[in-house]
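> Got a structure for you, structure-v6.json, holding JSON, C-alpha atoms and all ligand atoms.
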```json
[["chain", "number", "residue", "atom", "x", "y", "z"],
["F", 12, "MET", "CA", 13.71, -9.19, 24.66],
["F", 13, "LYS", "CA", 12.33, -5.64, 24.68],
["F", 14, "ARG", "CA", 8.57, -5.26, 25.16],
["F", 15, "GLU", "CA", 8.21, -3.76, 21.65],
["F", 16, "GLU", "CA", 9.99, -6.72, 20.05],
["F", 17, "GLU", "CA", 7.83, -9.15, 21.98],
["F", 18, "ILE", "CA", 4.67, -7.42, 20.71],
["F", 19, "ARG", "CA", 5.91, -7.55, 17.11],
["F", 20, "MET", "CA", 6.77, -11.23, 17.51],
["F", 21, "ARG", "CA", 3.30, -12.07, 18.82],
["F", 22, "VAL", "CA", 1.63, -10.10, 15.99],
["F", 23, "SER", "CA", 3.79, -11.86, 13.42],
["F", 24, "GLU", "CA", 2.97, -15.29, 14.88],
["F", 25, "THR", "CA", -0.72, -14.48, 14.74],
["F", 26, "TYR", "CA", -0.63, -13.57, 11.04],
["F", 27, "THR", "CA", 1.51, -16.60, 10.23],
["F", 28, "CYS", "CA", -1.08, -18.80, 11.88],
["F", 29, "ALA", "CA", -3.95, -17.05, 10.14],
["F", 30, "VAL", "CA", -2.55, -17.66, 6.64],
["F", 31, "GLU", "CA", -1.47, -21.21, 7.46],
["F", 32, "GLN", "CA", -4.92, -22.05, 8.77],
["F", 33, "LEU", "CA", -6.56, -20.62, 5.66],
["F", 34, "GLU", "CA", -4.22, -22.72, 3.50],
["F", 35, "LYS", "CA", -5.40, -25.87, 5.28],
["F", 36, "SER", "CA", -9.05, -24.87, 5.20],
["F", 37, "PRO", "CA", -9.63, -22.03, 2.75],
["F", 38, "SER", "CA", -13.40, -21.84, 3.06],
["F", 39, "SER", "CA", -13.55, -21.73, 6.82],
["F", 40, "CYS", "CA", -11.42, -20.91, 9.78],
["F", 41, "CYS", "CA", -11.70, -21.93, 13.39],
["F", 42, "CYS", "CA", -13.42, -18.70, 14.41],
["F", 43, "GLY", "CA", -16.22, -18.71, 11.86],
["F", 44, "PRO", "CA", -17.16, -19.12, 8.21],
["F", 45, "SER", "CA", -14.97, -17.39, 5.58],
["F", 46, "PRO", "CA", -13.90, -14.58, 7.88],
["F", 47, "GLN", "CA", -11.51, -12.98, 5.41],
["F", 48, "SER", "CA", -14.29, -12.14, 3.00],
["F", 49, "PHE", "CA", -15.34, -9.65, 5.69],
["F", 50, "ALA", "CA", -12.12, -7.65, 5.31],
["F", 51, "VAL", "CA", -12.51, -7.35, 1.56],
["F", 52, "THR", "CA", -16.27, -6.74, 1.62],
["F", 53, "LEU", "CA", -16.17, -3.97, 4.19],
["F", 54, "ALA", "CA", -12.99, -2.37, 2.85],
["F", 55, "GLY", "CA", -14.83, -0.75, -0.05],
["F", 56, "TYR", "CA", -13.04, -2.27, -3.07],
["F", 57, "SER", "CA", -15.28, -2.55, -6.11],
["F", 58, "HIS", "CA", -15.71, -5.89, -7.89],
["F", 59, "GLU", "CA", -14.17, -4.39, -11.06],
["F", 60, "VAL", "CA", -11.04, -3.32, -9.16],
["F", 61, "LEU", "CA", -10.60, -6.78, -7.67],
["F", 62, "ALA", "CA", -11.17, -8.64, -10.95],
["F", 63, "GLY", "CA", -8.12, -10.56, -12.08],
["F", 64, "LEU", "CA", -6.36, -10.63, -8.71],
["F", 65, "PRO", "CA", -5.21, -14.06, -7.47],
["F", 66, "ALA", "CA", -7.71, -15.63, -5.06],
["F", 67, "ASP", "CA", -4.90, -16.03, -2.53],
["F", 68, "ALA", "CA", -4.45, -12.25, -2.27],
["F", 69, "LEU", "CA", -8.17, -11.82, -1.53],
["F", 70, "VAL", "CA", -8.52, -14.71, 0.90],
["F", 71, "ASN", "CA", -5.51, -13.49, 2.87],
["F", 72, "ALA", "CA", -6.51, -9.82, 2.93],
["F", 73, "PHE", "CA", -6.72, -8.47, 6.48],
["F", 74, "GLY", "CA", -7.20, -4.77, 5.75],
["F", 75, "CYS", "CA", -9.82, -2.39, 7.09],
["F", 76, "GLY", "CA", -10.21, 0.03, 4.19],
["F", 77, "ASN", "CA", -9.03, 0.88, 0.71],
["F", 78, "PRO", "CA", -5.99, 3.16, 0.93],
["F", 79, "LEU", "CA", -5.88, 3.44, -2.86],
["F", 80, "ALA", "CA", -9.34, 5.01, -3.10],
["F", 81, "LEU", "CA", -8.83, 8.43, -4.68],
["F", 82, "ALA", "CA", -5.05, 8.19, -4.11],
["F", 83, "GLU", "CA", -4.61, 9.30, -7.73],
["F", 84, "ILE", "CA", -1.57, 7.20, -8.47],
["F", 85, "ARG", "CA", 0.22, 8.36, -11.60],
["F", 86, "GLU", "CA", 2.14, 6.19, -14.04],
["F", 87, "GLY", "CA", 5.80, 5.86, -13.12],
["F", 88, "GLU", "CA", 5.39, 6.67, -9.42],
["F", 89, "ALA", "CA", 7.19, 4.92, -6.56],
["F", 90, "VAL", "CA", 4.69, 3.54, -4.03],
["F", 91, "LEU", "CA", 5.51, 2.02, -0.63],
["F", 92, "ASP", "CA", 3.04, -0.23, 1.25],
["F", 93, "LEU", "CA", 3.69, -0.55, 5.01],
["F", 94, "GLY", "CA", 2.70, -4.04, 6.21],
["F", 95, "SER", "CA", 1.84, -5.33, 2.76],
["F", 96, "GLY", "CA", 0.55, -8.74, 3.91],
["F", 97, "ALA", "CA", -0.39, -11.06, 1.06],
["F", 98, "GLY", "CA", -0.24, -8.14, -1.35],
["F", 99, "ILE", "CA", -3.76, -7.01, -2.28],
["F", 100, "ASP", "CA", -2.85, -3.30, -2.31],
["F", 101, "LEU", "CA", 0.59, -3.94, -3.81],
["F", 102, "LEU", "CA", -0.99, -5.57, -6.82],
["F", 103, "LEU", "CA", -3.61, -2.87, -7.26],
["F", 104, "ALA", "CA", -1.00, -0.11, -6.93],
["F", 105, "ALA", "CA", 1.31, -1.84, -9.41],
["F", 106, "ARG", "CA", -1.43, -1.86, -12.04],
["F", 107, "LEU", "CA", -1.82, 1.89, -11.60],
["F", 108, "THR", "CA", 1.87, 2.85, -11.66],
["F", 109, "GLY", "CA", 2.38, 0.68, -14.74],
["F", 110, "PRO", "CA", 5.69, -0.94, -15.68],
["F", 111, "THR", "CA", 7.58, 2.35, -15.42],
["F", 112, "GLY", "CA", 6.62, 2.67, -11.77],
["F", 113, "LYS", "CA", 7.77, 0.71, -8.76],
["F", 114, "VAL", "CA", 5.82, -0.69, -5.83],
["F", 115, "ILE", "CA", 7.63, -1.80, -2.67],
["F", 116, "GLY", "CA", 5.98, -3.76, 0.12],
["F", 117, "ILE", "CA", 7.44, -4.09, 3.62],
["F", 118, "ASP", "CA", 6.38, -6.83, 6.01],
["F", 119, "MET", "CA", 7.96, -8.62, 8.96],
["F", 120, "THR", "CA", 6.14, -11.94, 8.58],
["F", 121, "PRO", "CA", 7.92, -14.44, 6.29],
["F", 122, "ALA", "CA", 4.67, -16.30, 5.43],
["F", 123, "MET", "CA", 3.12, -13.03, 4.23],
["F", 124, "ILE", "CA", 6.21, -11.98, 2.25],
["F", 125, "GLU", "CA", 6.24, -15.35, 0.48],
["F", 126, "ARG", "CA", 2.57, -15.00, -0.44],
["F", 127, "ALA", "CA", 2.87, -11.44, -1.70],
["F", 128, "ARG", "CA", 5.83, -12.39, -3.92],
["F", 129, "ALA", "CA", 3.96, -15.43, -5.26],
["F", 130, "ASN", "CA", 0.82, -13.38, -5.90],
["F", 131, "ALA", "CA", 2.77, -10.71, -7.80],
["F", 132, "ALA", "CA", 4.46, -13.41, -9.89],
["F", 133, "ALA", "CA", 1.11, -15.12, -10.55],
["F", 134, "VAL", "CA", -0.19, -12.04, -12.36],
["F", 135, "GLY", "CA", 3.13, -11.35, -14.08],
["F", 136, "LEU", "CA", 3.94, -8.09, -12.28],
["F", 137, "THR", "CA", 7.62, -7.25, -12.50],
["F", 138, "ASN", "CA", 7.47, -3.85, -10.80],
["F", 139, "VAL", "CA", 6.64, -5.21, -7.33],
["F", 140, "GLU", "CA", 9.33, -5.82, -4.73],
["F", 141, "VAL", "CA", 8.58, -7.18, -1.26],
["F", 142, "ARG", "CA", 11.20, -6.52, 1.40],
["F", 143, "SER", "CA", 11.49, -8.04, 4.83],
["F", 144, "GLY", "CA", 11.62, -5.46, 7.60],
["F", 145, "ILE", "CA", 9.76, -3.55, 10.26],
["F", 146, "ILE", "CA", 7.80, -0.41, 9.62],
["F", 147, "GLU", "CA", 9.53, 1.29, 12.56],
["F", 148, "GLU", "CA", 12.85, 1.08, 10.67],
["F", 149, "LEU", "CA", 12.08, 0.91, 6.97],
["F", 150, "PRO", "CA", 14.64, -0.70, 4.66],
["F", 151, "VAL", "CA", 14.02, 2.12, 2.18],
["F", 152, "GLU", "CA", 16.17, 5.01, 0.94],
["F", 153, "PRO", "CA", 15.34, 8.50, 2.26],
["F", 154, "GLU", "CA", 13.24, 10.74, -0.03],
["F", 155, "SER", "CA", 12.64, 7.98, -2.58],
["F", 156, "ILE", "CA", 8.86, 7.49, -2.43],
["F", 157, "ASP", "CA", 5.98, 9.39, -4.10],
["F", 158, "LEU", "CA", 3.15, 7.72, -2.17],
["F", 159, "VAL", "CA", 3.07, 5.77, 1.10],
["F", 160, "ILE", "CA", 0.05, 3.52, 1.62],
["F", 161, "SER", "CA", -0.85, 1.18, 4.47],
["F", 162, "ASN", "CA", -3.89, -0.90, 5.35],
["F", 163, "CYS", "CA", -4.67, -1.77, 8.96],
["F", 164, "VAL", "CA", -1.08, -2.06, 10.17],
["F", 165, "ILE", "CA", 0.09, 1.02, 12.10],
["F", 166, "ASN", "CA", -2.43, 0.28, 14.88],
["F", 167, "LEU", "CA", -0.37, -2.90, 15.45],
["F", 168, "SER", "CA", 2.86, -1.01, 16.01],
["F", 169, "PRO", "CA", 4.00, -0.56, 19.60],
["F", 170, "GLU", "CA", 6.10, 2.42, 18.38],
["F", 171, "LYS", "CA", 3.80, 4.54, 16.26],
["F", 172, "LYS", "CA", 5.91, 7.70, 16.57],
["F", 173, "ARG", "CA", 8.82, 5.88, 14.93],
["F", 174, "VAL", "CA", 6.53, 4.78, 12.08],
["F", 175, "PHE", "CA", 5.29, 8.32, 11.48],
["F", 176, "ALA", "CA", 8.89, 9.60, 11.45],
["F", 177, "GLU", "CA", 9.82, 6.91, 8.94],
["F", 178, "ILE", "CA", 6.98, 7.94, 6.63],
["F", 179, "TYR", "CA", 8.39, 11.47, 6.65],
["F", 180, "ARG", "CA", 11.95, 10.22, 6.03],
["F", 181, "VAL", "CA", 11.16, 8.07, 2.98],
["F", 182, "LEU", "CA", 8.77, 10.48, 1.24],
["F", 183, "LYS", "CA", 10.11, 12.77, -1.45],
["F", 184, "GLU", "CA", 9.42, 16.44, -0.89],
["F", 185, "GLY", "CA", 5.80, 16.95, -1.85],
["F", 186, "GLY", "CA", 5.21, 13.17, -1.59],
["F", 187, "ARG", "CA", 1.91, 12.05, -0.10],
["F", 188, "PHE", "CA", 0.38, 9.28, 2.01],
["F", 189, "SER", "CA", -2.97, 7.51, 2.17],
["F", 190, "ILE", "CA", -3.43, 5.22, 5.14],
["F", 191, "SER", "CA", -6.41, 3.10, 6.14],
["F", 192, "ASP", "CA", -6.29, 2.16, 9.79],
["F", 193, "ILE", "CA", -8.25, 1.55, 12.95],
["F", 194, "VAL", "CA", -8.59, 4.28, 15.56],
["F", 195, "ALA", "CA", -10.45, 3.93, 18.84],
["F", 196, "ASP", "CA", -11.62, 5.81, 21.90],
["F", 197, "PRO", "CA", -9.94, 4.82, 25.18],
["F", 198, "MET", "CA", -11.03, 1.33, 26.26],
["F", 199, "PRO", "CA", -11.66, -0.23, 29.68],
["F", 200, "ASP", "CA", -8.71, -2.08, 31.23],
["F", 201, "TRP", "CA", -10.40, -5.49, 30.96],
["F", 202, "VAL", "CA", -10.52, -5.11, 27.15],
["F", 203, "HIS", "CA", -6.77, -4.36, 27.10],
["F", 204, "GLU", "CA", -6.18, -7.41, 29.25],
["F", 205, "LEU", "CA", -7.62, -9.70, 26.54],
["F", 206, "GLY", "CA", -4.20, -10.12, 24.87],
["F", 207, "GLN", "CA", -5.60, -11.46, 21.59],
["F", 208, "LEU", "CA", -7.34, -8.14, 20.92],
["F", 209, "TYR", "CA", -3.98, -6.48, 20.19],
["F", 210, "SER", "CA", -3.25, -8.62, 17.13],
["F", 211, "ALA", "CA", -6.93, -8.30, 16.20],
["F", 212, "CYS", "CA", -6.29, -4.60, 15.47],
["F", 213, "ILE", "CA", -8.35, -3.42, 18.45],
["F", 214, "SER", "CA", -6.40, -2.71, 21.59],
["F", 215, "GLY", "CA", -3.31, -1.22, 19.92],
["F", 216, "ALA", "CA", -5.52, 1.40, 18.25],
["F", 217, "ILE", "CA", -5.17, 4.97, 19.50],
["F", 218, "PRO", "CA", -7.67, 7.86, 19.40],
["F", 219, "GLU", "CA", -8.05, 9.61, 16.04],
["F", 220, "SER", "CA", -6.85, 12.95, 17.48],
["F", 221, "ASP", "CA", -3.60, 11.35, 18.74],
["F", 222, "TYR", "CA", -3.07, 9.65, 15.37],
["F", 223, "LEU", "CA", -3.42, 12.90, 13.43],
["F", 224, "ALA", "CA", -1.27, 14.79, 15.96],
["F", 225, "GLY", "CA", 1.46, 12.12, 15.65],
["F", 226, "LEU", "CA", 1.59, 12.56, 11.87],
["F", 227, "ARG", "CA", 1.71, 16.37, 12.18],
["F", 228, "GLN", "CA", 4.41, 16.27, 14.87],
["F", 229, "VAL", "CA", 6.93, 14.70, 12.48],
["F", 230, "GLY", "CA", 6.36, 17.50, 9.94],
["F", 231, "LEU", "CA", 3.68, 16.02, 7.66],
["F", 232, "VAL", "CA", 1.09, 18.55, 6.50],
["F", 233, "ASP", "CA", -2.47, 18.69, 5.15],
["F", 234, "VAL", "CA", -3.23, 15.74, 7.43],
["F", 235, "ALA", "CA", -6.95, 14.95, 7.26],
["F", 236, "VAL", "CA", -9.43, 12.11, 7.55],
["F", 237, "ARG", "CA", -11.06, 11.39, 4.18],
["F", 238, "ASP", "CA", -13.34, 8.42, 4.93],
["F", 239, "ARG", "CA", -14.62, 7.12, 8.22],
["F", 240, "LEU", "CA", -16.57, 3.98, 9.04],
["F", 241, "VAL", "CA", -17.69, 3.82, 12.67],
["F", 242, "TYR", "CA", -18.17, 0.13, 13.45],
["F", 243, "ASP", "CA", -21.52, -0.86, 14.88],
["F", 244, "HIS", "CA", -22.05, -3.97, 16.97],
["F", 245, "ALA", "CA", -22.44, -6.41, 14.06],
["F", 246, "GLN", "CA", -19.46, -4.99, 12.19],
["F", 247, "LEU", "CA", -17.29, -5.22, 15.31],
["F", 248, "VAL", "CA", -18.20, -8.89, 15.71],
["F", 249, "GLY", "CA", -17.26, -9.41, 12.03],
["F", 250, "LEU", "CA", -13.96, -7.55, 12.46],
["F", 251, "LEU", "CA", -13.12, -9.54, 15.59],
["F", 252, "ASP", "CA", -13.96, -12.84, 13.88],
["F", 253, "SER", "CA", -11.82, -11.90, 10.91],
["F", 254, "GLU", "CA", -8.79, -10.61, 12.75],
["F", 255, "LEU", "CA", -8.95, -13.15, 15.60],
["F", 256, "SER", "CA", -8.77, -16.08, 13.17],
["F", 257, "GLY", "CA", -4.98, -16.05, 13.56],
["F", 258, "SER", "CA", -4.79, -16.02, 17.33],
["F", 259, "CYS", "CA", -7.27, -18.81, 17.89],
["F", 260, "CYS", "CA", -5.78, -20.93, 15.11],
["F", 261, "CYS", "CA", -2.41, -20.33, 16.74],
["F", 262, "GLY", "CA", -3.22, -22.36, 19.80],
["F", 263, "SER", "CA", -3.90, -19.43, 22.13],
["F", 264, "SER", "CA", -7.24, -19.97, 23.80],
["F", 265, "PRO", "CA", -9.98, -18.60, 21.56],
["F", 266, "ILE", "CA", -12.03, -15.76, 23.02],
["F", 267, "PRO", "CA", -15.42, -17.27, 23.92],
["F", 268, "ARG", "CA", -18.34, -16.12, 21.77],
["F", 269, "GLU", "CA", -20.09, -14.38, 24.67],
["F", 270, "GLN", "CA", -16.86, -12.46, 25.40],
["F", 271, "ILE", "CA", -16.70, -11.28, 21.77],
["F", 272, "PHE", "CA", -20.25, -9.96, 22.11],
["F", 273, "LYS", "CA", -19.35, -8.27, 25.41],
["F", 274, "VAL", "CA", -16.39, -6.54, 23.76],
["F", 275, "ALA", "CA", -18.63, -5.46, 20.87],
["F", 276, "ASP", "CA", -21.20, -4.11, 23.38],
["F", 277, "VAL", "CA", -18.58, -1.96, 25.10],
["F", 278, "LEU", "CA", -16.87, -0.76, 21.92],
["F", 279, "ASP", "CA", -20.03, -0.17, 19.85],
["F", 280, "GLY", "CA", -19.53, 3.23, 18.14],
["F", 281, "LYS", "CA", -16.05, 3.70, 19.64],
["F", 282, "VAL", "CA", -13.90, 1.98, 17.01],
["F", 283, "SER", "CA", -13.57, 3.32, 13.47],
["F", 284, "SER", "CA", -11.75, 2.56, 10.28],
["F", 285, "VAL", "CA", -10.41, 5.82, 8.87],
["F", 286, "ARG", "CA", -8.52, 6.79, 5.74],
["F", 287, "VAL", "CA", -5.98, 9.45, 6.61],
["F", 288, "ILE", "CA", -4.23, 11.47, 3.94],
["F", 289, "GLY", "CA", -1.49, 14.09, 3.98],
["F", 290, "ARG", "CA", 1.85, 14.98, 2.47],
["F", 291, "LYS", "CA", 5.43, 16.02, 3.12],
["F", 292, "PRO", "CA", 5.86, 19.71, 2.38],
["F", 293, "ALA", "CA", 7.43, 20.59, -0.95],
["F", 294, "LYS", "CA", 10.77, 22.38, -0.89],
["F", 295, "ALA", "CA", 10.27, 26.08, -0.22],
["F", 296, "THR", "CA", 11.15, 28.11, -3.32],
["F", 297, "PRO", "CA", 13.78, 30.79, -2.55],
["J", 301, "LIG", "C1", -3.84, -6.71, 9.51],
["J", 301, "LIG", "S1", -2.57, -7.35, 8.45],
["J", 301, "LIG", "C2", -2.80, -6.30, 7.01],
["J", 301, "LIG", "C3", -2.10, -6.82, 5.79],
["J", 301, "LIG", "C4", -2.37, -6.06, 4.50],
["J", 301, "LIG", "N1", -2.04, -4.66, 4.62],
["J", 301, "LIG", "C5", -3.79, -6.25, 4.04],
["J", 301, "LIG", "O1", -4.49, -5.24, 3.85],
["J", 301, "LIG", "O2", -4.22, -7.37, 3.87],
["J", 301, "LIG", "C6", -1.11, -6.73, 9.19],
["J", 301, "LIG", "C7", 0.18, -7.03, 8.43],
["J", 301, "LIG", "O3", 1.17, -6.13, 8.89],
["J", 301, "LIG", "C8", 2.36, -6.82, 9.22],
["J", 301, "LIG", "N2", 2.94, -6.07, 10.35],
["J", 301, "LIG", "C9", 2.38, -5.79, 11.54],
["J", 301, "LIG", "N3", 3.19, -5.04, 12.29],
["J", 301, "LIG", "C10", 4.32, -4.85, 11.56],
["J", 301, "LIG", "C11", 5.55, -4.15, 11.80],
["J", 301, "LIG", "N4", 5.76, -3.52, 12.95],
["J", 301, "LIG", "N5", 6.50, -4.17, 10.83],
["J", 301, "LIG", "C12", 6.28, -4.83, 9.65],
["J", 301, "LIG", "N6", 5.14, -5.51, 9.38],
["J", 301, "LIG", "C13", 4.16, -5.51, 10.32],
["J", 301, "LIG", "C14", 1.90, -8.24, 9.59],
["J", 301, "LIG", "O4", 2.94, -9.16, 9.39],
["J", 301, "LIG", "C15", 0.73, -8.43, 8.63],
["J", 301, "LIG", "O5", 1.15, -8.95, 7.40]]
```
Kindly present the structure from the file in C-alpha cells form.
Ligand SMILES: C[S@@+](CC[C@H](N)C(=O)[O-])C[C@H]1O[C@@H](n2cnc3c(N)ncnc32)[C@H](O)[C@@H]1O

Amino acid sequence: MKREEEIRMRVSETYTCAVEQLEKSPSSCCCGPSPQSFAVTLAGYSHEVLAGLPADALVNAFGCGNPLALAEIREGEAVLDLGSGAGIDLLLAARLTGPTGKVIGIDMTPAMIERARANAAAVGLTNVEVRSGIIEELPVEPESIDLVISNCVINLSPEKKRVFAEIYRVLKEGGRFSISDIVADPMPDWVHELGQLYSACISGAIPESDYLAGLRQVGLVDVAVRDRLVYDHAQLVGLLDSELSGSCCCGSSPIPREQIFKVADVLDGKVSSVRVIGRKPAKATP
C-alpha cells in the first residue's frame, strides 16, 4: 500500500473509533470529559445557529472553526463540504441554500457518512447528498460548485497539492471557497514521531504561508486569511483531548497526560486555526 493510502486509512480508523466510542458513552470519552463540546465551543458557532440541529451532529463535530461565518451563501447555490464528518456544516449550509440549492458532502469514513445522512434525514433536509470519496480525487463534476467549504480536514491530507487542485477543478468560474483549518510552524522531530498527533490534526498541519501559496499555485485568487485563533497552552490541551479521543479509543496506546502537556508546551503559540477564503477567477470578458 502506498504511504498516502496508509495515512488515509489510519485517519479513517481514528474517526471511526471516535464516533463509535461516543455512541457507547456519549457524555465522556476515554481521553477526558465531553471532549467534542470543545470543538463546537471554540469553533465560533452561535447558539442560535446551532439551534434545531440533531445532537448527534454536535457531539460528533470535530471541526476547528466555522467555515460558514460570513460565507454569504445565497439561495439556490451549490455547496461542497470536503470531509463533511457527521454533517454539522452540511446541515447549516443546507438551511442557507434552501430547497432550491444543493449541498454535497464528501467523506472517506463510512461511519461518518452514515451519520451525516441520518442527521440530514432527521431534520428533513432533502437537498443534502453525502458521497463516499477522498478529497484528493473528488467524485464531483468539474465547474459545478459555487462554494467549497471544509472544516479541519485538509491538514489531514498527505497530498494537499492534489486537494487544492481539486478545489480549483470543481469550482465554477467566479466560485469561492471558505476553509477552516489548522496551520502550524515547523515542529521538532519528536512531535512528528508521536504518530497519534497526525490524526489529531497537529502534525500534518503545514505553515500558513505554504498553505496560502499552495492555493495560489493552482490558480485560485484573492486568497486571504479572514480569522485566526492562535492556540495557547490550555486550548492546545483541549484540542489534543478532543481530536485524540479517536486514537486512544481505537486501541493505540493513549498519549500519557504529561506528554500531552509537553507537546502543548512546545507548540504554545505555534498552532493556529485559520479561516482561509478565496475564489476561482471569473471568465475574462473579451
Ligand atoms: C477532523 S474531522 C472533521 C469533520 C467535519 N468537517 C467536522 O467539522 O466535524 C475529519 C473528517 O475528514 C475526513 N477525512 C480526512 N481525510 C480525508 C480524505 N483524505 N478524504 C476524505 N475524507 C477525509 C474524516 O473521515 C473525518 O470525517
> When you count all atoms listed in the file, which of these residues is closest to F:Ile117: F:Glu140, F:Asp243, F:Asp233, F:Asp200?
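Nearest to F:Ile117: F:Glu140.
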> Write out as a PyMOL selection string each polymer residue (protein, DNA or RNA) that has an atom no more than 7 Å from ligand LIG 301 (chain J), with all atoms listed in the file counted.
chain F and resi 19+22-23+26+71-75+93-100+117-120+123+144-147+161-165+167-168+212
> Using Å and a single decimal, report how far atom CA of F:Asp192 sits from atom CA of F:Gln228.
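Atom-to-atom, atom CA of F:Gln228 to atom CA of F:Asp192, that is 18.4 Å.
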> Give me the residues within 10 Å of F:Lys183 as a list in words, counting all atoms listed in the file and dropping any in the same chain fewer than 5 places off.
Ala89, Pro153, Glu154, Ser155, Ile156, Asp157, Leu158, Ile178, Arg290, Lys291, Pro292, Ala293 and Lys294 of chain F
> Measuring atom to atom with all atoms listed in the file, identify which of F:Gln207, F:Thr25, F:Gln270, F:Ser189 is nearest to F:Val285.
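Looking only at the distances to F:Val285, the closest residue turns out to be F:Ser189.
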> Have a look at F:Ala176, F:Leu251, F:Leu240, F:Leu149 and name the one nearest to F:Ile271; count all atoms listed in the file.
F:Leu251
> Contacts of F:Leu69 at 8 Å or less, counting only C-alpha atoms, minus same-chain residues fewer than 2 places along, as a list in words?
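The contact residues come out as Gln47, Ser48, Val51, Leu64, Pro65, Ala66, Asp67, Asn71, Ala72 and Ile99 of chain F.
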> Please indicate the distance in Å from atom CA of F:Pro218 to atom CA of F:Ala235, rounded to one decimal place.
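Pair atom CA of F:Pro218 / atom CA of F:Ala235 returns 14.1 Å.
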> Between atom CA of F:Pro267 and atom CA of F:Leu255, what is the distance, to one decimal in Å?
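Spanning atom CA of F:Pro267 to atom CA of F:Leu255 is a straight-line distance of 11.3 Å.
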> Using all atoms listed in the file, pick whichever of F:His203, F:Arg14, F:Arg237, F:Arg106 has the shortest atom-to-atom distance to F:Leu81.
F:Arg237
> Using all atoms listed in the file, can you tell me which of F:Ala122, F:Val287, F:Val181, F:Leu231 comes closest to F:Leu79?
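Between F:Ala122, F:Val287, F:Val181, F:Leu231, the residue approaching F:Leu79 most closely is F:Val287.
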> Pick the closest to F:Arg126 from F:Val30, F:Val202, F:Ala82, F:Leu61: which is it, counting only C-alpha atoms?
F:Val30
> Write out N, CA and C atoms for stretch 104-117 of chain F, as a JSON list (two decimals), in the frame of the given file.

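After the write, selection_22.json holds the following:
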```json
[["chain", "number", "residue", "atom", "x", "y", "z"],
["F", 104, "ALA", "N", -1.84, -1.29, -6.69],
["F", 104, "ALA", "CA", -1.00, -0.11, -6.93],
["F", 104, "ALA", "C", -0.11, -0.33, -8.15],
["F", 105, "ALA", "N", 0.40, -1.55, -8.30],
["F", 105, "ALA", "CA", 1.31, -1.84, -9.41],
["F", 105, "ALA", "C", 0.62, -1.71, -10.77],
["F", 106, "ARG", "N", -0.67, -2.06, -10.79],
["F", 106, "ARG", "CA", -1.43, -1.86, -12.04],
["F", 106, "ARG", "C", -1.48, -0.38, -12.39],
["F", 107, "LEU", "N", -1.63, 0.46, -11.35],
["F", 107, "LEU", "CA", -1.82, 1.89, -11.60],
["F", 107, "LEU", "C", -0.51, 2.61, -11.94],
["F", 108, "THR", "N", 0.60, 2.18, -11.34],
["F", 108, "THR", "CA", 1.87, 2.85, -11.66],
["F", 108, "THR", "C", 2.37, 2.42, -13.02],
["F", 109, "GLY", "N", 1.92, 1.21, -13.45],
["F", 109, "GLY", "CA", 2.38, 0.68, -14.74],
["F", 109, "GLY", "C", 3.82, 0.22, -14.64],
["F", 110, "PRO", "N", 4.35, -0.36, -15.72],
["F", 110, "PRO", "CA", 5.69, -0.94, -15.68],
["F", 110, "PRO", "C", 6.80, 0.07, -15.45],
["F", 111, "THR", "N", 6.53, 1.35, -15.68],
["F", 111, "THR", "CA", 7.58, 2.35, -15.42],
["F", 111, "THR", "C", 7.63, 2.77, -13.95],
["F", 112, "GLY", "N", 6.62, 2.35, -13.20],
["F", 112, "GLY", "CA", 6.62, 2.67, -11.77],
["F", 112, "GLY", "C", 7.20, 1.53, -10.97],
["F", 113, "LYS", "N", 7.21, 1.73, -9.64],
["F", 113, "LYS", "CA", 7.77, 0.71, -8.76],
["F", 113, "LYS", "C", 6.93, 0.65, -7.49],
["F", 114, "VAL", "N", 6.59, -0.55, -7.05],
["F", 114, "VAL", "CA", 5.82, -0.69, -5.83],
["F", 114, "VAL", "C", 6.60, -1.58, -4.86],
["F", 115, "ILE", "N", 6.85, -1.05, -3.67],
["F", 115, "ILE", "CA", 7.63, -1.80, -2.67],
["F", 115, "ILE", "C", 6.71, -2.11, -1.49],
["F", 116, "GLY", "N", 6.72, -3.37, -1.07],
["F", 116, "GLY", "CA", 5.98, -3.76, 0.12],
["F", 116, "GLY", "C", 6.96, -4.11, 1.22],
["F", 117, "ILE", "N", 6.61, -3.73, 2.46],
["F", 117, "ILE", "CA", 7.44, -4.09, 3.62],
["F", 117, "ILE", "C", 6.57, -4.92, 4.56]]
```
